[in-house]
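Working notes for the structure below.
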Amino acid sequence: MKRLTHPLAPEGAADYTDPTFSSELIAWQKAHGRHALPWQNTRDAYLVWLSEIMLQQTQVSAVLGYYARFLERFPTLRSLAEAPVEDVMAQWAGLGYYTRARNLHKCAQRVVADYDGVFPSDPALLAELPGIGRSTAAAIAAFSSGTRAAIMDGNVKRVFARVFGIDAFPGEKKVEQAMWLRAEALLPEQGIESYTQGLMDMGATLCTRSSPDCGRCPMQPRCVAYATDRVKELPVRKPKKASPEKHATMLVIIDHGQVLLEQRPASGIWGGLLSLPELDGHTLAEDGDVPPPDAAALLAAVNLFGEMEMHERLMTVTHVFTHYKLHIAPLLVTLARRAPFAGGGRHVWLDAARVADAALPAPVKKLLLELLGDSAAAQGRMF
């Protein structure tokens, strides 16, 4: 088994050494942990890497279906690297945090170009690839190569904060550095795969954020949070900031069975996805009400694509991002005559039948699927 220490790991980890922690965790994982997930029981780094990226900030239940469909479309690393990025985004649509999908594609291309399609086993080299940070690199190396390296995701921070009574916000630099020290010191000499999976399983199934199952936890006898009745208080939460609210007016221009879509910039919210054209982007709002659009601005925007026949304000849709809440006001627009543009540049006319498979933001896809279904029945003249 390889033993590697991440180059950024500080010295002094021996202060936290405790071999019984890893032995107890490994024994619990082998008896009670998860063993049948589709990315387990394999040394295929492609399968492990894909699962680790999908599981970043996303629960297992949400990933399972996407993981299977993604592998059906891209069964190998090379097939992913050679695919158009639009196809990758389409398979990812709805899973969220779309930078992951763009980095996934870039990473596949890098591994093919730099490592002949074989992921390196050194976490330091893995961490240099797009979309792979220190913790993810360690997980990939541990599961695919048996490399002895420490992970530190949200589950691990929660387990450590409770078991060891860390009474400070884990996101603070000094606190996080100390947690990395502890993570390095607690690594077992043998059984890194079961140990790493055990940390993940404990955080996901027992030491959960809101409903921890302390009665079944193997760490209960040593857990400081349990002994001091602070399980609900730890880990210390980040001080809350007021979540800003924004609004956006989106144009739902439908004509002859097609809907007009716009390619969003590669960076930013919904980067690289197709979406509905917007009048003013995401604008700060004082409340959830979206003001009516300026008539001249609306006419000018629609005139780029044809002569407007009528427009109708639809029900506001609210979508919550991690850092702000967006209130979307869709404007259903029908055309008397479509402008003769070929669909080049950032805009494209998409057949309504293809909306379900298009790389669209989840709220936009839901809106269109509901609307097109109703419109097909009630307003056949648009189609």
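Just so we're on the same page: first chain in the structure tokens is A, next is B, and so on; residues restart at 1 for each chain, and ligands are numbered from 1 in the order they show up.
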Would you mind listing what lies within 9 Å of Trp39 in chain A as a PyMOL selection string, with only C-alpha atoms counted and same-chain residues fewer than 3 positions away left out? chain A and resi 36+42+44+47-48+50-51+67
Write the residues of the preceding selection, restricted to all heavy atoms, as a PDB file, in the first residue's frame.
ATOM      1  N   ALA A  36     -23.048  -1.838  -1.433  1.00  0.00           N
ATOM      2  CA  ALA A  36     -23.682  -2.201  -2.707  1.00  0.00           C
ATOM      3  C   ALA A  36     -23.948  -1.004  -3.616  1.00  0.00           C
ATOM      4  O   ALA A  36     -24.736  -1.115  -4.559  1.00  0.00           O
ATOM      5  CB  ALA A  36     -24.992  -2.948  -2.434  1.00  0.00           C
ATOM      6  N   THR A  42     -14.949  -1.764  -6.913  1.00  0.00           N
ATOM      7  CA  THR A  42     -14.223  -1.613  -8.170  1.00  0.00           C
ATOM      8  C   THR A  42     -12.951  -0.824  -7.927  1.00  0.00           C
ATOM      9  O   THR A  42     -12.888  -0.001  -7.001  1.00  0.00           O
ATOM     10  CB  THR A  42     -15.074  -0.902  -9.232  1.00  0.00           C
ATOM     11  OG1 THR A  42     -14.318  -0.785 -10.445  1.00  0.00           O
ATOM     12  CG2 THR A  42     -15.470   0.495  -8.774  1.00  0.00           C
ATOM     13  N   ASP A  44     -11.723   0.632 -10.729  1.00  0.00           N
ATOM     14  CA  ASP A  44     -11.758   1.442 -11.947  1.00  0.00           C
ATOM     15  C   ASP A  44     -11.796   2.919 -11.551  1.00  0.00           C
ATOM     16  O   ASP A  44     -12.812   3.412 -11.048  1.00  0.00           O
ATOM     17  CB  ASP A  44     -12.979   1.084 -12.789  1.00  0.00           C
ATOM     18  CG  ASP A  44     -12.961   1.733 -14.167  1.00  0.00           C
ATOM     19  OD1 ASP A  44     -12.414   2.842 -14.295  1.00  0.00           O
ATOM     20  OD2 ASP A  44     -13.511   1.140 -15.112  1.00  0.00           O
ATOM     21  N   LEU A  47     -14.777   5.110 -12.783  1.00  0.00           N
ATOM     22  CA  LEU A  47     -16.035   4.963 -12.063  1.00  0.00           C
ATOM     23  C   LEU A  47     -15.979   5.650 -10.701  1.00  0.00           C
ATOM     24  O   LEU A  47     -16.943   6.292 -10.272  1.00  0.00           O
ATOM     25  CB  LEU A  47     -16.367   3.483 -11.894  1.00  0.00           C
ATOM     26  CG  LEU A  47     -16.458   2.646 -13.171  1.00  0.00           C
ATOM     27  CD1 LEU A  47     -16.846   1.203 -12.847  1.00  0.00           C
ATOM     28  CD2 LEU A  47     -17.455   3.255 -14.147  1.00  0.00           C
ATOM     29  N   VAL A  48     -14.844   5.501 -10.027  1.00  0.00           N
ATOM     30  CA  VAL A  48     -14.685   6.127  -8.712  1.00  0.00           C
ATOM     31  C   VAL A  48     -14.690   7.643  -8.852  1.00  0.00           C
ATOM     32  O   VAL A  48     -15.391   8.354  -8.112  1.00  0.00           O
ATOM     33  CB  VAL A  48     -13.381   5.652  -8.050  1.00  0.00           C
ATOM     34  CG1 VAL A  48     -13.121   6.431  -6.758  1.00  0.00           C
ATOM     35  CG2 VAL A  48     -13.437   4.150  -7.772  1.00  0.00           C
ATOM     36  N   LEU A  50     -15.920   9.562 -11.252  1.00  0.00           N
ATOM     37  CA  LEU A  50     -17.228  10.082 -11.637  1.00  0.00           C
ATOM     38  C   LEU A  50     -18.156  10.153 -10.430  1.00  0.00           C
ATOM     39  O   LEU A  50     -18.854  11.164 -10.222  1.00  0.00           O
ATOM     40  CB  LEU A  50     -17.840   9.193 -12.724  1.00  0.00           C
ATOM     41  CG  LEU A  50     -19.243   9.570 -13.191  1.00  0.00           C
ATOM     42  CD1 LEU A  50     -19.259  10.974 -13.789  1.00  0.00           C
ATOM     43  CD2 LEU A  50     -19.758   8.543 -14.197  1.00  0.00           C
ATOM     44  N   SER A  51     -18.165   9.118  -9.612  1.00  0.00           N
ATOM     45  CA  SER A  51     -19.047   9.125  -8.446  1.00  0.00           C
ATOM     46  C   SER A  51     -18.645  10.217  -7.461  1.00  0.00           C
ATOM     47  O   SER A  51     -19.511  10.909  -6.905  1.00  0.00           O
ATOM     48  CB  SER A  51     -19.014   7.757  -7.756  1.00  0.00           C
ATOM     49  OG  SER A  51     -17.772   7.517  -7.133  1.00  0.00           O
ATOM     50  N   TYR A  67     -25.909   8.820 -12.369  1.00  0.00           N
ATOM     51  CA  TYR A  67     -24.688   8.025 -12.529  1.00  0.00           C
ATOM     52  C   TYR A  67     -24.903   6.929 -13.577  1.00  0.00           C
ATOM     53  O   TYR A  67     -24.076   6.733 -14.482  1.00  0.00           O
ATOM     54  CB  TYR A  67     -24.314   7.427 -11.182  1.00  0.00           C
ATOM     55  CG  TYR A  67     -23.026   6.630 -11.174  1.00  0.00           C
ATOM     56  CD1 TYR A  67     -21.795   7.263 -11.118  1.00  0.00           C
ATOM     57  CD2 TYR A  67     -23.050   5.233 -11.184  1.00  0.00           C
ATOM     58  CE1 TYR A  67     -20.605   6.532 -11.089  1.00  0.00           C
ATOM     59  CE2 TYR A  67     -21.873   4.499 -11.152  1.00  0.00           C
ATOM     60  CZ  TYR A  67     -20.657   5.158 -11.100  1.00  0.00           C
ATOM     61  OH  TYR A  67     -19.494   4.430 -11.076  1.00  0.00           O
TER      62      TYR A  67
END
Excluding same-chain residues fewer than 2 positions from Ala127 in chain A, what lies within 12 Å of it counting only C-alpha atoms, as a PyMOL selection string? chain A and resi 6-8+49+107+119-125+129-141
Can you list, as an mmCIF file with all heavy atoms, in the first residue's frame, every protein, DNA or RNA residue that comes within 12 Å of Arg354 in chain A when you count only C-alpha atoms, leaving out same-chain residues fewer than 2 positions away?
data_model
loop_
_atom_site.group_PDB
_atom_site.id
_atom_site.type_symbol
_atom_site.label_atom_id
_atom_site.label_comp_id
_atom_site.auth_asym_id
_atom_site.auth_seq_id
_atom_site.Cartn_x
_atom_site.Cartn_y
_atom_site.Cartn_z
ATOM 1 N N ALA A 90 -25.867 18.185 -21.229
ATOM 2 C CA ALA A 90 -27.219 17.639 -21.346
ATOM 3 C C ALA A 90 -27.429 16.478 -20.383
ATOM 4 O O ALA A 90 -28.494 16.349 -19.768
ATOM 5 C CB ALA A 90 -27.479 17.190 -22.782
ATOM 6 N N GLY A 257 -44.099 24.923 -33.098
ATOM 7 C CA GLY A 257 -43.576 23.739 -32.440
ATOM 8 C C GLY A 257 -42.158 23.851 -31.941
ATOM 9 O O GLY A 257 -41.539 22.841 -31.576
ATOM 10 N N GLN A 258 -41.625 25.064 -31.915
ATOM 11 C CA GLN A 258 -40.263 25.266 -31.442
ATOM 12 C C GLN A 258 -40.227 26.375 -30.398
ATOM 13 O O GLN A 258 -41.072 27.272 -30.399
ATOM 14 C CB GLN A 258 -39.330 25.637 -32.606
ATOM 15 C CG GLN A 258 -39.156 24.535 -33.644
ATOM 16 C CD GLN A 258 -38.189 24.944 -34.731
ATOM 17 O OE1 GLN A 258 -38.229 26.068 -35.218
ATOM 18 N NE2 GLN A 258 -37.309 24.020 -35.132
ATOM 19 N N VAL A 259 -39.237 26.296 -29.510
ATOM 20 C CA VAL A 259 -39.047 27.317 -28.490
ATOM 21 C C VAL A 259 -37.664 27.932 -28.678
ATOM 22 O O VAL A 259 -36.701 27.235 -28.997
ATOM 23 C CB VAL A 259 -39.204 26.722 -27.066
ATOM 24 C CG1 VAL A 259 -38.194 25.614 -26.814
ATOM 25 C CG2 VAL A 259 -39.069 27.812 -26.006
ATOM 26 N N LEU A 261 -34.237 29.382 -27.526
ATOM 27 C CA LEU A 261 -33.336 29.240 -26.387
ATOM 28 C C LEU A 261 -32.043 30.006 -26.636
ATOM 29 O O LEU A 261 -31.672 30.264 -27.781
ATOM 30 C CB LEU A 261 -33.011 27.764 -26.138
ATOM 31 C CG LEU A 261 -34.202 26.878 -25.757
ATOM 32 C CD1 LEU A 261 -33.777 25.428 -25.691
ATOM 33 C CD2 LEU A 261 -34.815 27.315 -24.430
ATOM 34 N N TRP A 349 -33.470 27.736 -32.217
ATOM 35 C CA TRP A 349 -34.855 27.279 -32.129
ATOM 36 C C TRP A 349 -34.810 25.772 -31.879
ATOM 37 O O TRP A 349 -34.244 25.014 -32.655
ATOM 38 C CB TRP A 349 -35.619 27.566 -33.412
ATOM 39 C CG TRP A 349 -35.975 29.014 -33.613
ATOM 40 C CD1 TRP A 349 -35.342 29.915 -34.415
ATOM 41 C CD2 TRP A 349 -37.061 29.710 -32.998
ATOM 42 N NE1 TRP A 349 -35.954 31.143 -34.344
ATOM 43 C CE2 TRP A 349 -37.024 31.046 -33.482
ATOM 44 C CE3 TRP A 349 -38.061 29.355 -32.089
ATOM 45 C CZ2 TRP A 349 -37.944 32.012 -33.096
ATOM 46 C CZ3 TRP A 349 -38.981 30.319 -31.705
ATOM 47 C CH2 TRP A 349 -38.916 31.633 -32.205
ATOM 48 N N LEU A 350 -35.421 25.316 -30.785
ATOM 49 C CA LEU A 350 -35.390 23.906 -30.426
ATOM 50 C C LEU A 350 -36.783 23.312 -30.541
ATOM 51 O O LEU A 350 -37.768 23.885 -30.059
ATOM 52 C CB LEU A 350 -34.883 23.737 -28.989
ATOM 53 C CG LEU A 350 -34.655 22.290 -28.523
ATOM 54 C CD1 LEU A 350 -33.397 21.723 -29.188
ATOM 55 C CD2 LEU A 350 -34.523 22.223 -26.999
ATOM 56 N N ASP A 351 -36.877 22.146 -31.173
ATOM 57 C CA ASP A 351 -38.155 21.458 -31.270
ATOM 58 C C ASP A 351 -38.681 21.152 -29.871
ATOM 59 O O ASP A 351 -37.928 20.718 -28.989
ATOM 60 C CB ASP A 351 -38.014 20.155 -32.054
ATOM 61 C CG ASP A 351 -37.718 20.385 -33.526
ATOM 62 O OD1 ASP A 351 -38.008 21.496 -34.022
ATOM 63 O OD2 ASP A 351 -37.194 19.467 -34.178
ATOM 64 N N ALA A 352 -39.989 21.338 -29.677
ATOM 65 C CA ALA A 352 -40.579 21.093 -28.358
ATOM 66 C C ALA A 352 -40.343 19.669 -27.887
ATOM 67 O O ALA A 352 -40.158 19.421 -26.696
ATOM 68 C CB ALA A 352 -42.082 21.383 -28.414
ATOM 69 N N ALA A 356 -37.141 17.850 -23.285
ATOM 70 C CA ALA A 356 -36.898 16.946 -22.157
ATOM 71 C C ALA A 356 -35.449 16.483 -22.090
ATOM 72 O O ALA A 356 -34.927 16.199 -21.004
ATOM 73 C CB ALA A 356 -37.827 15.741 -22.244
ATOM 74 N N ASP A 357 -34.769 16.396 -23.234
ATOM 75 C CA ASP A 357 -33.389 15.902 -23.263
ATOM 76 C C ASP A 357 -32.354 17.010 -23.398
ATOM 77 O O ASP A 357 -31.153 16.733 -23.480
ATOM 78 C CB ASP A 357 -33.214 14.915 -24.426
ATOM 79 C CG ASP A 357 -34.081 13.681 -24.274
ATOM 80 O OD1 ASP A 357 -34.247 13.218 -23.131
ATOM 81 O OD2 ASP A 357 -34.614 13.192 -25.287
ATOM 82 N N ALA A 358 -32.798 18.262 -23.439
ATOM 83 C CA ALA A 358 -31.879 19.384 -23.652
ATOM 84 C C ALA A 358 -31.154 19.744 -22.361
ATOM 85 O O ALA A 358 -31.622 19.468 -21.250
ATOM 86 C CB ALA A 358 -32.635 20.594 -24.183
ATOM 87 N N ALA A 359 -29.976 20.368 -22.502
ATOM 88 C CA ALA A 359 -29.181 20.815 -21.351
ATOM 89 C C ALA A 359 -29.740 22.140 -20.850
ATOM 90 O O ALA A 359 -29.254 23.217 -21.178
ATOM 91 C CB ALA A 359 -27.719 20.967 -21.747
ATOM 92 N N LEU A 360 -30.781 22.055 -20.044
ATOM 93 C CA LEU A 360 -31.482 23.231 -19.527
ATOM 94 C C LEU A 360 -31.404 23.263 -18.003
ATOM 95 O O LEU A 360 -31.368 22.216 -17.363
ATOM 96 C CB LEU A 360 -32.959 23.195 -19.942
ATOM 97 C CG LEU A 360 -33.288 23.230 -21.427
ATOM 98 C CD1 LEU A 360 -34.748 22.869 -21.649
ATOM 99 C CD2 LEU A 360 -32.996 24.608 -21.996
ATOM 100 N N LYS A 365 -36.424 23.881 -17.462
ATOM 101 C CA LYS A 365 -36.943 22.664 -18.101
ATOM 102 C C LYS A 365 -38.323 22.318 -17.559
ATOM 103 O O LYS A 365 -39.242 21.979 -18.316
ATOM 104 C CB LYS A 365 -35.984 21.499 -17.880
ATOM 105 C CG LYS A 365 -36.466 20.188 -18.493
ATOM 106 C CD LYS A 365 -35.440 19.066 -18.362
ATOM 107 C CE LYS A 365 -34.272 19.292 -19.286
ATOM 108 N NZ LYS A 365 -33.369 18.098 -19.348
ATOM 109 N N LEU A 368 -40.913 24.706 -19.038
ATOM 110 C CA LEU A 368 -41.211 24.449 -20.440
ATOM 111 C C LEU A 368 -42.003 23.166 -20.637
ATOM 112 O O LEU A 368 -42.934 23.124 -21.458
ATOM 113 C CB LEU A 368 -39.912 24.396 -21.248
ATOM 114 C CG LEU A 368 -39.217 25.737 -21.473
ATOM 115 C CD1 LEU A 368 -37.904 25.527 -22.224
ATOM 116 C CD2 LEU A 368 -40.117 26.691 -22.253
ATOM 117 N N LEU A 369 -41.648 22.116 -19.898
ATOM 118 C CA LEU A 369 -42.377 20.862 -20.046
ATOM 119 C C LEU A 369 -43.836 21.023 -19.638
ATOM 120 O O LEU A 369 -44.744 20.506 -20.296
ATOM 121 C CB LEU A 369 -41.709 19.772 -19.211
ATOM 122 C CG LEU A 369 -40.359 19.267 -19.729
ATOM 123 C CD1 LEU A 369 -39.761 18.247 -18.764
ATOM 124 C CD2 LEU A 369 -40.498 18.661 -21.120
ATOM 125 N N LEU A 372 -45.447 23.574 -22.411
ATOM 126 C CA LEU A 372 -45.619 23.009 -23.740
ATOM 127 C C LEU A 372 -46.685 21.929 -23.749
ATOM 128 O O LEU A 372 -47.421 21.781 -24.729
ATOM 129 C CB LEU A 372 -44.291 22.451 -24.250
ATOM 130 C CG LEU A 372 -43.221 23.504 -24.535
ATOM 131 C CD1 LEU A 372 -41.881 22.851 -24.845
ATOM 132 C CD2 LEU A 372 -43.645 24.406 -25.681
#
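Residues surrounding Cys217 in chain A within 10 Å are Leu25, Trp28, Met202, Thr205, Leu206, Cys207, Pro212 and Cys223 of chain A [only C-alpha atoms; sequence separation below 5 positions excluded].
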Within 10 Å of Arg209 in chain A, counting only C-alpha atoms, which residues show up once you throw out same-chain ones fewer than 4 positions away? Write them as a PDB file with C-alpha atoms, in the first residue's frame, please.
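Saved as selection-v6.pdb:
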ATOM      1  CA  GLY A 154     -18.625  17.887   5.035  1.00  0.00           C
ATOM      2  CA  ASN A 155     -19.403  14.487   6.522  1.00  0.00           C
ATOM      3  CA  ARG A 158     -19.305  16.888  11.140  1.00  0.00           C
ATOM      4  CA  VAL A 159     -18.072  13.557  12.557  1.00  0.00           C
ATOM      5  CA  GLY A 203     -21.674  11.008   8.218  1.00  0.00           C
ATOM      6  CA  ALA A 204     -24.335  10.017   5.692  1.00  0.00           C
ATOM      7  CA  THR A 205     -26.277   7.417   7.686  1.00  0.00           C
ATOM      8  CA  VAL A 231     -24.914  16.926  19.396  1.00  0.00           C
ATOM      9  CA  LYS A 232     -27.376  19.479  18.008  1.00  0.00           C
ATOM     10  CA  LEU A 234     -21.950  20.785  16.780  1.00  0.00           C
ATOM     11  CA  PRO A 235     -20.521  21.396  14.337  1.00  0.00           C
TER      12      PRO A 235
END
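The neighbours of Asp18 in chain A here are the residues that come within 10 Å of it, using only C-alpha atoms and leaving out any residue fewer than 5 positions away in the same chain; they are A:Ser23, A:Arg182, A:Ala185, A:Leu186, A:Leu187, A:Pro188.
The space between CA of Ser144 in chain A and CA of Glu193 in chain A spans 8.9 Å.
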Considering only C-alpha atoms, return as a compact mmCIF listing (two decimals) with C-alpha atoms, in the first residue's frame whatever protein or nucleic-acid residues lie within 7 Å of range 163-177 of chain A, sequence-local ones (same chain, fewer than 2 positions apart) excluded.
# COMPACT_ATOMS: atom_id res chain seq x y z
CA LYS A 157 -15.98 17.64 9.45
CA VAL A 159 -18.07 13.56 12.56
CA PHE A 160 -14.83 15.08 13.83
CA ALA A 161 -16.57 18.13 15.31
CA MET A 179 -8.91 19.12 11.32
CA TRP A 180 -6.54 18.20 8.49
CA LEU A 181 -3.84 17.53 11.10
CA MET A 219 -18.21 6.31 18.32
CA ARG A 222 -15.92 8.43 22.90
CA CYS A 223 -18.13 11.19 21.45
CA VAL A 224 -17.63 14.49 23.28
CA ALA A 225 -20.77 16.03 21.79
CA LEU A 234 -21.95 20.78 16.78
CA PRO A 235 -20.52 21.40 14.34
CA VAL A 236 -20.74 25.14 14.92
CA ARG A 237 -22.71 26.66 12.08
CA LYS A 238 -21.47 29.45 9.89
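With only C-alpha atoms as the atoms that count, the residue of A:Val60, A:Ala45, A:Ile192, A:Val317 with the shortest distance to Ala248 in chain A is A:Val317.
Nearest residue to Leu298 in chain A among A:Ile151, A:Val320, A:Val364, A:Val252 is A:Val252, counting only C-alpha atoms.
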Where does DSSP see strand (DSSP E) in range 21-269 of chain A, if you list the residues as a ChimeraX atom specification? /A:245-255,258-263
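Here the question is which of A:Pro361, A:Gly373, A:Pro19, A:Pro277 gets nearest to His347 in chain A using only C-alpha atoms, and that residue is A:Pro277.
Among the candidates A:Ala353, A:Val112, A:Met89, A:Met250, the one nearest to His282 in chain A when counting only C-alpha atoms is A:Met250.
Taking CA of Gly94 in chain A as the reference point, CA of Ala362 in chain A is found at 4.8 Å.
In this comparison, which uses only C-alpha atoms, the residue of A:Tyr97, A:Ser145, A:Val348, A:Arg110 approaching Arg43 in chain A most closely is A:Ser145.
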